[in-house]
file protein34.cif (mmCIF, N, CA and C atoms)
data_entry
#
loop_
_atom_site.label_atom_id
_atom_site.label_comp_id
_atom_site.auth_asym_id
_atom_site.auth_seq_id
_atom_site.Cartn_x
_atom_site.Cartn_y
_atom_site.Cartn_z
N MET A 4 14.65 -2.67 45.76
CA MET A 4 14.94 -3.25 44.46
C MET A 4 15.65 -2.21 43.61
N ASN A 5 16.80 -2.54 43.07
CA ASN A 5 17.49 -1.55 42.25
C ASN A 5 17.00 -1.63 40.82
N ALA A 6 17.23 -0.56 40.08
CA ALA A 6 16.71 -0.44 38.72
C ALA A 6 17.34 -1.43 37.76
N SER A 7 18.57 -1.86 38.02
CA SER A 7 19.24 -2.77 37.09
C SER A 7 18.71 -4.19 37.18
N SER A 8 18.12 -4.58 38.32
CA SER A 8 17.61 -5.94 38.45
C SER A 8 16.14 -6.07 38.06
N HIS A 9 15.48 -4.96 37.80
CA HIS A 9 14.07 -4.98 37.43
C HIS A 9 13.93 -5.05 35.92
N THR A 10 13.15 -6.00 35.46
CA THR A 10 12.89 -6.14 34.03
C THR A 10 11.43 -5.81 33.77
N ASP A 11 11.19 -4.85 32.92
CA ASP A 11 9.83 -4.45 32.57
C ASP A 11 9.36 -5.32 31.42
N THR A 12 8.46 -6.25 31.71
CA THR A 12 7.98 -7.17 30.67
C THR A 12 6.89 -6.56 29.81
N SER A 13 6.35 -5.41 30.20
CA SER A 13 5.28 -4.82 29.42
C SER A 13 5.76 -4.26 28.09
N THR A 14 7.04 -3.95 27.98
CA THR A 14 7.57 -3.41 26.73
C THR A 14 8.58 -4.35 26.09
N ASP A 15 8.63 -5.60 26.52
CA ASP A 15 9.57 -6.56 25.97
C ASP A 15 9.11 -7.01 24.59
N THR A 16 9.86 -6.65 23.58
CA THR A 16 9.51 -7.02 22.20
C THR A 16 10.58 -7.90 21.59
N SER A 17 11.31 -8.63 22.44
CA SER A 17 12.41 -9.44 21.92
C SER A 17 11.94 -10.61 21.09
N THR A 18 10.72 -11.08 21.30
CA THR A 18 10.23 -12.22 20.53
C THR A 18 9.64 -11.81 19.19
N VAL A 19 9.16 -10.60 19.08
CA VAL A 19 8.58 -10.12 17.82
C VAL A 19 9.39 -8.93 17.35
N PRO A 20 10.05 -9.05 16.19
CA PRO A 20 10.84 -7.92 15.71
C PRO A 20 9.95 -6.71 15.39
N ALA A 21 10.47 -5.55 15.66
CA ALA A 21 9.75 -4.33 15.34
C ALA A 21 9.67 -4.18 13.83
N PRO A 22 8.63 -3.50 13.34
CA PRO A 22 8.51 -3.32 11.90
C PRO A 22 9.73 -2.66 11.26
N ASP A 23 10.41 -1.78 12.01
CA ASP A 23 11.59 -1.12 11.45
C ASP A 23 12.70 -2.13 11.18
N GLU A 24 12.79 -3.18 12.03
CA GLU A 24 13.83 -4.18 11.85
C GLU A 24 13.54 -5.09 10.67
N ARG A 25 12.28 -5.41 10.43
CA ARG A 25 11.92 -6.32 9.36
C ARG A 25 11.61 -5.58 8.06
N GLY A 26 11.35 -4.34 8.12
CA GLY A 26 10.94 -3.58 6.95
C GLY A 26 9.42 -3.47 6.94
N SER A 27 8.93 -2.32 6.61
CA SER A 27 7.49 -2.08 6.68
C SER A 27 6.71 -2.97 5.73
N LEU A 28 7.16 -3.10 4.50
CA LEU A 28 6.43 -3.92 3.54
C LEU A 28 6.47 -5.39 3.93
N ARG A 29 7.62 -5.86 4.38
CA ARG A 29 7.75 -7.26 4.79
C ARG A 29 6.81 -7.55 5.96
N ALA A 30 6.61 -6.60 6.86
CA ALA A 30 5.71 -6.79 7.99
C ALA A 30 4.26 -6.90 7.52
N LEU A 31 3.93 -6.30 6.40
CA LEU A 31 2.56 -6.36 5.88
C LEU A 31 2.31 -7.56 4.97
N LEU A 32 3.35 -8.27 4.57
CA LEU A 32 3.18 -9.40 3.65
C LEU A 32 2.23 -10.47 4.15
N PRO A 33 2.25 -10.84 5.43
CA PRO A 33 1.27 -11.84 5.87
C PRO A 33 -0.18 -11.38 5.69
N VAL A 34 -0.44 -10.11 5.89
CA VAL A 34 -1.79 -9.60 5.70
C VAL A 34 -2.13 -9.53 4.21
N LEU A 35 -1.16 -9.15 3.38
CA LEU A 35 -1.39 -9.09 1.94
C LEU A 35 -1.58 -10.47 1.33
N GLY A 36 -1.06 -11.50 1.99
CA GLY A 36 -1.17 -12.86 1.47
C GLY A 36 -2.61 -13.30 1.30
N ALA A 37 -3.50 -12.80 2.12
CA ALA A 37 -4.91 -13.15 2.02
C ALA A 37 -5.58 -12.46 0.83
N HIS A 38 -4.89 -11.52 0.22
CA HIS A 38 -5.47 -10.74 -0.88
C HIS A 38 -4.60 -10.86 -2.14
N ARG A 39 -4.15 -12.05 -2.42
CA ARG A 39 -3.23 -12.25 -3.56
C ARG A 39 -3.84 -11.83 -4.89
N GLY A 40 -5.10 -12.18 -5.11
CA GLY A 40 -5.76 -11.83 -6.37
C GLY A 40 -5.84 -10.33 -6.58
N MET A 41 -6.24 -9.62 -5.52
CA MET A 41 -6.35 -8.16 -5.62
C MET A 41 -4.97 -7.53 -5.79
N THR A 42 -3.97 -8.08 -5.12
CA THR A 42 -2.62 -7.57 -5.27
C THR A 42 -2.12 -7.78 -6.69
N ALA A 43 -2.39 -8.95 -7.26
CA ALA A 43 -1.97 -9.23 -8.65
C ALA A 43 -2.67 -8.30 -9.63
N ARG A 44 -3.96 -8.05 -9.43
CA ARG A 44 -4.69 -7.13 -10.32
C ARG A 44 -4.14 -5.71 -10.21
N THR A 45 -3.78 -5.31 -9.00
CA THR A 45 -3.22 -3.97 -8.80
C THR A 45 -1.88 -3.84 -9.51
N VAL A 46 -1.04 -4.87 -9.40
CA VAL A 46 0.26 -4.85 -10.08
C VAL A 46 0.07 -4.82 -11.59
N CYS A 47 -0.87 -5.60 -12.11
CA CYS A 47 -1.14 -5.60 -13.55
C CYS A 47 -1.61 -4.23 -14.03
N ALA A 48 -2.47 -3.59 -13.26
CA ALA A 48 -2.95 -2.26 -13.62
C ALA A 48 -1.80 -1.25 -13.63
N ALA A 49 -0.91 -1.35 -12.64
CA ALA A 49 0.24 -0.45 -12.59
C ALA A 49 1.16 -0.70 -13.78
N LEU A 50 1.38 -1.96 -14.13
CA LEU A 50 2.22 -2.27 -15.29
C LEU A 50 1.59 -1.78 -16.59
N ALA A 51 0.27 -1.89 -16.70
CA ALA A 51 -0.41 -1.39 -17.90
C ALA A 51 -0.24 0.12 -18.02
N GLY A 52 -0.38 0.82 -16.91
CA GLY A 52 -0.20 2.28 -16.93
C GLY A 52 1.23 2.67 -17.27
N GLN A 53 2.19 1.97 -16.71
CA GLN A 53 3.59 2.28 -17.01
C GLN A 53 3.94 1.94 -18.46
N SER A 54 3.41 0.84 -18.96
CA SER A 54 3.64 0.46 -20.36
C SER A 54 3.06 1.50 -21.31
N ALA A 55 1.86 1.97 -21.00
CA ALA A 55 1.25 3.01 -21.83
C ALA A 55 2.08 4.29 -21.78
N LEU A 56 2.62 4.61 -20.63
CA LEU A 56 3.46 5.81 -20.51
C LEU A 56 4.74 5.67 -21.33
N VAL A 57 5.38 4.51 -21.26
CA VAL A 57 6.61 4.29 -22.03
C VAL A 57 6.32 4.39 -23.53
N ALA A 58 5.23 3.76 -23.96
CA ALA A 58 4.86 3.83 -25.38
C ALA A 58 4.54 5.26 -25.80
N LEU A 59 3.84 5.99 -24.95
CA LEU A 59 3.49 7.38 -25.25
C LEU A 59 4.73 8.24 -25.37
N ILE A 60 5.65 8.11 -24.43
CA ILE A 60 6.88 8.90 -24.47
C ILE A 60 7.72 8.55 -25.70
N THR A 61 7.79 7.26 -26.01
CA THR A 61 8.58 6.82 -27.16
C THR A 61 7.99 7.36 -28.46
N LEU A 62 6.67 7.23 -28.62
CA LEU A 62 6.03 7.72 -29.84
C LEU A 62 6.10 9.25 -29.92
N ALA A 63 5.95 9.92 -28.82
CA ALA A 63 6.05 11.39 -28.83
C ALA A 63 7.46 11.83 -29.20
N ALA A 64 8.48 11.17 -28.65
CA ALA A 64 9.86 11.51 -29.00
C ALA A 64 10.14 11.24 -30.46
N HIS A 65 9.64 10.11 -30.96
CA HIS A 65 9.83 9.79 -32.38
C HIS A 65 9.11 10.83 -33.26
N THR A 66 7.92 11.23 -32.86
CA THR A 66 7.15 12.21 -33.63
C THR A 66 7.86 13.55 -33.67
N VAL A 67 8.36 13.99 -32.52
CA VAL A 67 9.08 15.27 -32.47
C VAL A 67 10.37 15.18 -33.28
N GLY A 68 11.09 14.08 -33.12
CA GLY A 68 12.33 13.90 -33.88
C GLY A 68 12.09 13.90 -35.37
N THR A 69 11.06 13.21 -35.81
CA THR A 69 10.71 13.17 -37.23
C THR A 69 10.31 14.55 -37.72
N ALA A 70 9.54 15.28 -36.93
CA ALA A 70 9.11 16.62 -37.33
C ALA A 70 10.30 17.56 -37.46
N VAL A 71 11.28 17.43 -36.58
CA VAL A 71 12.45 18.31 -36.63
C VAL A 71 13.35 17.95 -37.81
N VAL A 72 13.62 16.65 -37.98
CA VAL A 72 14.56 16.22 -39.02
C VAL A 72 13.95 16.35 -40.41
N GLU A 73 12.73 15.87 -40.57
CA GLU A 73 12.11 15.87 -41.90
C GLU A 73 11.25 17.10 -42.15
N ARG A 74 11.08 17.94 -41.16
CA ARG A 74 10.25 19.15 -41.27
C ARG A 74 8.86 18.83 -41.81
N ALA A 75 8.27 17.77 -41.21
CA ALA A 75 6.94 17.35 -41.65
C ALA A 75 6.06 17.14 -40.42
N ALA A 76 4.81 17.50 -40.56
CA ALA A 76 3.84 17.30 -39.48
C ALA A 76 3.49 15.82 -39.39
N PRO A 77 3.18 15.35 -38.20
CA PRO A 77 2.81 13.94 -38.07
C PRO A 77 1.48 13.65 -38.77
N GLY A 78 1.34 12.44 -39.23
CA GLY A 78 0.11 12.05 -39.93
C GLY A 78 -1.03 11.79 -38.96
N PRO A 79 -2.23 11.61 -39.52
CA PRO A 79 -3.39 11.39 -38.67
C PRO A 79 -3.30 10.09 -37.86
N GLY A 80 -2.62 9.07 -38.38
CA GLY A 80 -2.45 7.82 -37.65
C GLY A 80 -1.61 8.00 -36.40
N VAL A 81 -0.56 8.80 -36.51
CA VAL A 81 0.31 9.07 -35.36
C VAL A 81 -0.44 9.89 -34.31
N ILE A 82 -1.19 10.87 -34.78
CA ILE A 82 -1.99 11.69 -33.85
C ILE A 82 -3.01 10.81 -33.13
N ALA A 83 -3.67 9.93 -33.86
CA ALA A 83 -4.66 9.03 -33.25
C ALA A 83 -3.99 8.09 -32.25
N ALA A 84 -2.81 7.60 -32.58
CA ALA A 84 -2.09 6.72 -31.67
C ALA A 84 -1.70 7.46 -30.39
N LEU A 85 -1.24 8.71 -30.53
CA LEU A 85 -0.89 9.51 -29.36
C LEU A 85 -2.12 9.74 -28.47
N ILE A 86 -3.25 10.07 -29.08
CA ILE A 86 -4.48 10.29 -28.32
C ILE A 86 -4.90 9.00 -27.62
N GLY A 87 -4.82 7.89 -28.35
CA GLY A 87 -5.17 6.59 -27.76
C GLY A 87 -4.28 6.23 -26.59
N LEU A 88 -2.99 6.52 -26.71
CA LEU A 88 -2.06 6.22 -25.62
C LEU A 88 -2.31 7.12 -24.40
N VAL A 89 -2.66 8.36 -24.65
CA VAL A 89 -2.99 9.26 -23.53
C VAL A 89 -4.23 8.74 -22.79
N LEU A 90 -5.24 8.33 -23.56
CA LEU A 90 -6.44 7.78 -22.94
C LEU A 90 -6.16 6.47 -22.21
N ALA A 91 -5.34 5.62 -22.82
CA ALA A 91 -4.99 4.36 -22.18
C ALA A 91 -4.24 4.61 -20.87
N ARG A 92 -3.34 5.55 -20.89
CA ARG A 92 -2.58 5.88 -19.67
C ARG A 92 -3.51 6.41 -18.59
N ALA A 93 -4.43 7.29 -18.97
CA ALA A 93 -5.36 7.84 -17.98
C ALA A 93 -6.26 6.75 -17.39
N LEU A 94 -6.79 5.88 -18.23
CA LEU A 94 -7.65 4.81 -17.74
C LEU A 94 -6.88 3.81 -16.86
N ALA A 95 -5.67 3.47 -17.28
CA ALA A 95 -4.86 2.54 -16.48
C ALA A 95 -4.49 3.15 -15.14
N THR A 96 -4.21 4.43 -15.11
CA THR A 96 -3.89 5.11 -13.85
C THR A 96 -5.11 5.11 -12.93
N TRP A 97 -6.28 5.41 -13.47
CA TRP A 97 -7.50 5.38 -12.67
C TRP A 97 -7.77 3.97 -12.14
N TRP A 98 -7.61 2.98 -13.01
CA TRP A 98 -7.84 1.58 -12.63
C TRP A 98 -6.90 1.17 -11.50
N GLU A 99 -5.62 1.52 -11.64
CA GLU A 99 -4.64 1.17 -10.62
C GLU A 99 -4.95 1.85 -9.30
N MET A 100 -5.34 3.13 -9.33
CA MET A 100 -5.69 3.83 -8.09
C MET A 100 -6.92 3.21 -7.44
N ASP A 101 -7.91 2.84 -8.24
CA ASP A 101 -9.11 2.23 -7.72
C ASP A 101 -8.79 0.90 -7.02
N LEU A 102 -8.02 0.07 -7.70
CA LEU A 102 -7.67 -1.23 -7.13
C LEU A 102 -6.78 -1.10 -5.90
N SER A 103 -5.81 -0.18 -5.95
CA SER A 103 -4.89 -0.06 -4.82
C SER A 103 -5.60 0.50 -3.59
N HIS A 104 -6.55 1.42 -3.78
CA HIS A 104 -7.30 1.92 -2.63
C HIS A 104 -8.21 0.83 -2.07
N ASP A 105 -8.83 0.05 -2.93
CA ASP A 105 -9.66 -1.06 -2.47
C ASP A 105 -8.82 -2.04 -1.66
N LEU A 106 -7.65 -2.39 -2.17
CA LEU A 106 -6.75 -3.30 -1.47
C LEU A 106 -6.33 -2.71 -0.12
N ALA A 107 -5.98 -1.44 -0.11
CA ALA A 107 -5.53 -0.80 1.13
C ALA A 107 -6.62 -0.83 2.19
N TYR A 108 -7.85 -0.54 1.81
CA TYR A 108 -8.92 -0.54 2.80
C TYR A 108 -9.27 -1.94 3.27
N ARG A 109 -9.12 -2.95 2.41
CA ARG A 109 -9.33 -4.34 2.84
C ARG A 109 -8.26 -4.74 3.86
N VAL A 110 -7.02 -4.35 3.59
CA VAL A 110 -5.93 -4.68 4.52
C VAL A 110 -6.13 -3.94 5.84
N LEU A 111 -6.51 -2.67 5.79
CA LEU A 111 -6.75 -1.93 7.03
C LEU A 111 -7.88 -2.55 7.84
N ALA A 112 -8.93 -2.99 7.17
CA ALA A 112 -10.03 -3.64 7.89
C ALA A 112 -9.55 -4.92 8.57
N GLU A 113 -8.74 -5.69 7.88
CA GLU A 113 -8.20 -6.92 8.48
C GLU A 113 -7.28 -6.60 9.66
N LEU A 114 -6.47 -5.55 9.53
CA LEU A 114 -5.59 -5.16 10.64
C LEU A 114 -6.40 -4.72 11.85
N ARG A 115 -7.49 -3.99 11.62
CA ARG A 115 -8.34 -3.57 12.74
C ARG A 115 -8.92 -4.78 13.47
N VAL A 116 -9.39 -5.76 12.70
CA VAL A 116 -9.94 -6.96 13.31
C VAL A 116 -8.87 -7.69 14.11
N ARG A 117 -7.66 -7.79 13.57
CA ARG A 117 -6.57 -8.47 14.29
C ARG A 117 -6.21 -7.74 15.57
N VAL A 118 -6.21 -6.41 15.53
CA VAL A 118 -5.90 -5.63 16.73
C VAL A 118 -6.95 -5.88 17.80
N PHE A 119 -8.22 -5.80 17.44
CA PHE A 119 -9.27 -6.02 18.43
C PHE A 119 -9.28 -7.45 18.94
N ASP A 120 -9.04 -8.42 18.08
CA ASP A 120 -8.97 -9.81 18.53
C ASP A 120 -7.82 -10.01 19.51
N GLY A 121 -6.68 -9.42 19.21
CA GLY A 121 -5.52 -9.54 20.10
C GLY A 121 -5.78 -8.90 21.45
N LEU A 122 -6.41 -7.74 21.45
CA LEU A 122 -6.71 -7.08 22.72
C LEU A 122 -7.77 -7.84 23.50
N ALA A 123 -8.73 -8.42 22.80
CA ALA A 123 -9.78 -9.18 23.49
C ALA A 123 -9.21 -10.43 24.15
N ARG A 124 -8.22 -11.06 23.53
CA ARG A 124 -7.60 -12.25 24.11
C ARG A 124 -6.64 -11.92 25.25
N SER A 125 -6.04 -10.76 25.21
CA SER A 125 -4.96 -10.46 26.14
C SER A 125 -5.41 -10.22 27.57
N ALA A 126 -6.44 -9.49 27.79
CA ALA A 126 -6.88 -9.22 29.16
C ALA A 126 -8.29 -8.65 29.13
N PRO A 127 -9.07 -8.95 30.16
CA PRO A 127 -10.44 -8.43 30.16
C PRO A 127 -10.53 -6.93 30.43
N ALA A 128 -9.67 -6.38 31.25
CA ALA A 128 -9.83 -4.97 31.58
C ALA A 128 -8.53 -4.17 31.53
N ARG A 129 -7.43 -4.73 32.03
CA ARG A 129 -6.18 -3.96 32.11
C ARG A 129 -5.01 -4.79 31.62
N ILE A 130 -4.06 -4.11 30.97
CA ILE A 130 -2.82 -4.73 30.53
C ILE A 130 -1.70 -3.81 30.98
N ALA A 131 -0.84 -4.33 31.83
CA ALA A 131 0.31 -3.57 32.36
C ALA A 131 -0.14 -2.24 32.96
N GLY A 132 -1.27 -2.27 33.67
CA GLY A 132 -1.73 -1.07 34.34
C GLY A 132 -2.49 -0.10 33.46
N ARG A 133 -2.65 -0.41 32.20
CA ARG A 133 -3.39 0.48 31.29
C ARG A 133 -4.73 -0.15 30.95
N ARG A 134 -5.73 0.67 30.82
CA ARG A 134 -7.04 0.15 30.43
C ARG A 134 -6.98 -0.34 28.99
N SER A 135 -7.70 -1.43 28.71
CA SER A 135 -7.67 -2.00 27.37
C SER A 135 -8.26 -1.05 26.34
N GLY A 136 -9.18 -0.18 26.76
CA GLY A 136 -9.72 0.82 25.84
C GLY A 136 -8.67 1.81 25.38
N ASP A 137 -7.78 2.19 26.32
CA ASP A 137 -6.68 3.09 25.96
C ASP A 137 -5.73 2.41 24.98
N LEU A 138 -5.44 1.14 25.24
CA LEU A 138 -4.56 0.39 24.34
C LEU A 138 -5.21 0.22 22.97
N ALA A 139 -6.50 -0.06 22.95
CA ALA A 139 -7.21 -0.21 21.67
C ALA A 139 -7.17 1.10 20.90
N SER A 140 -7.35 2.19 21.60
CA SER A 140 -7.31 3.50 20.94
C SER A 140 -5.93 3.78 20.36
N ALA A 141 -4.88 3.47 21.11
CA ALA A 141 -3.51 3.68 20.61
C ALA A 141 -3.22 2.76 19.42
N ALA A 142 -3.66 1.50 19.51
CA ALA A 142 -3.43 0.56 18.42
C ALA A 142 -4.20 0.98 17.18
N MET A 143 -5.42 1.44 17.34
CA MET A 143 -6.21 1.87 16.18
C MET A 143 -5.59 3.12 15.56
N GLY A 144 -5.01 3.96 16.40
CA GLY A 144 -4.29 5.13 15.87
C GLY A 144 -3.13 4.71 15.00
N ASP A 145 -2.43 3.63 15.39
CA ASP A 145 -1.34 3.10 14.57
C ASP A 145 -1.86 2.55 13.25
N VAL A 146 -2.99 1.86 13.30
CA VAL A 146 -3.58 1.33 12.06
C VAL A 146 -4.02 2.46 11.15
N GLU A 147 -4.62 3.51 11.75
CA GLU A 147 -5.04 4.66 10.96
C GLU A 147 -3.84 5.39 10.35
N ALA A 148 -2.71 5.37 11.06
CA ALA A 148 -1.51 6.01 10.52
C ALA A 148 -1.05 5.31 9.25
N LEU A 149 -1.29 3.98 9.15
CA LEU A 149 -0.97 3.26 7.93
C LEU A 149 -1.77 3.79 6.74
N GLU A 150 -3.00 4.19 7.03
CA GLU A 150 -3.87 4.70 5.96
C GLU A 150 -3.28 5.95 5.35
#

call {"tool": "encode", "arguments": {"input": "protein34.cif", "output": "structure tokens"}}
result
Amino acid sequence: MNASSHTDTSTDTSTVPAPDERGSLRALLPVLGAHRGMTARTVCAALAGQSALVALITLAAHTVGTAVVERAAPGPGVIAALIGLVLARALATWWEMDLSHDLAYRVLAELRVRVFDGLARSAPARIAGRRSGDLASAAMGDVEALE
């Protein structure tokens, strides 16, 4: 049998596009679909943090500009607003990190379950000459790499 007439079906991925072809985020969208609420809360937290940052930068620039042009120190209201915006930014950043990590671990858990279910359905002991335990280990390594 010559090498050109032999087709190795164990690595044939023509029916399922590789993640590089579809884009990494697009490949994760089906898994994220089950967590729409958590994804929406994470996006809202990120927007709150970014909004607080924009407001903080704008007020700080206005305060510095006013101090330079008018040679006057900012009033207590401006100082309180700056402190409030710094606190709001810090809390929103913490909130967003908390939600995004929670979402990430939920998605990773779902991916692990899908990997094990797929391996359990595919073959009882060997797939293309490899032990299913070896394949499970390699697949779990890929899931862990996402983390």

call {"tool": "resolve_selection", "arguments": {"input": "protein34.cif", "expression": "the PyMOL selection byres ((chain A and resi 99) around 8)", "output": "list in words"}}
result
Arg44, Thr45, Val46, Cys47, Ala48, Ala49, Leu50, Gly52, Ala93, Leu94, Ala95, Thr96, Trp97, Trp98, Met100, Asp101, Leu102, Ser103, His104 and Asp105 of chain A

call {"tool": "residues_around", "arguments": {"input": "protein34.cif", "residues": "A:Ala76", "least_positions_apart": "6", "cutoff": "10 Å", "atoms": "only C-alpha atoms", "output": "number ranges by chain"}}
result
A: 66-67, 69-70, 82

call {"tool": "closest_residue", "arguments": {"input": "protein34.cif", "among": "A:Ala55, A:Gly121, A:Val110, A:Arg115", "to": "A:Leu35", "atoms": "only C-alpha atoms"}}
result
A:Val110

call {"tool": "atom_distance", "arguments": {"input": "protein34.cif", "atom1": "atom CA of A:Leu62", "atom2": "atom C of A:Ala83"}}
result
10.3 Å

call {"tool": "atom_distance", "arguments": {"input": "protein34.cif", "atom1": "atom CA of A:Val89", "atom2": "atom CA of A:Leu59"}}
result
7.0 Å

call {"tool": "atom_distance", "arguments": {"input": "protein34.cif", "atom1": "atom CA of A:Glu113", "atom2": "atom CA of A:Ala37"}}
result
9.6 Å
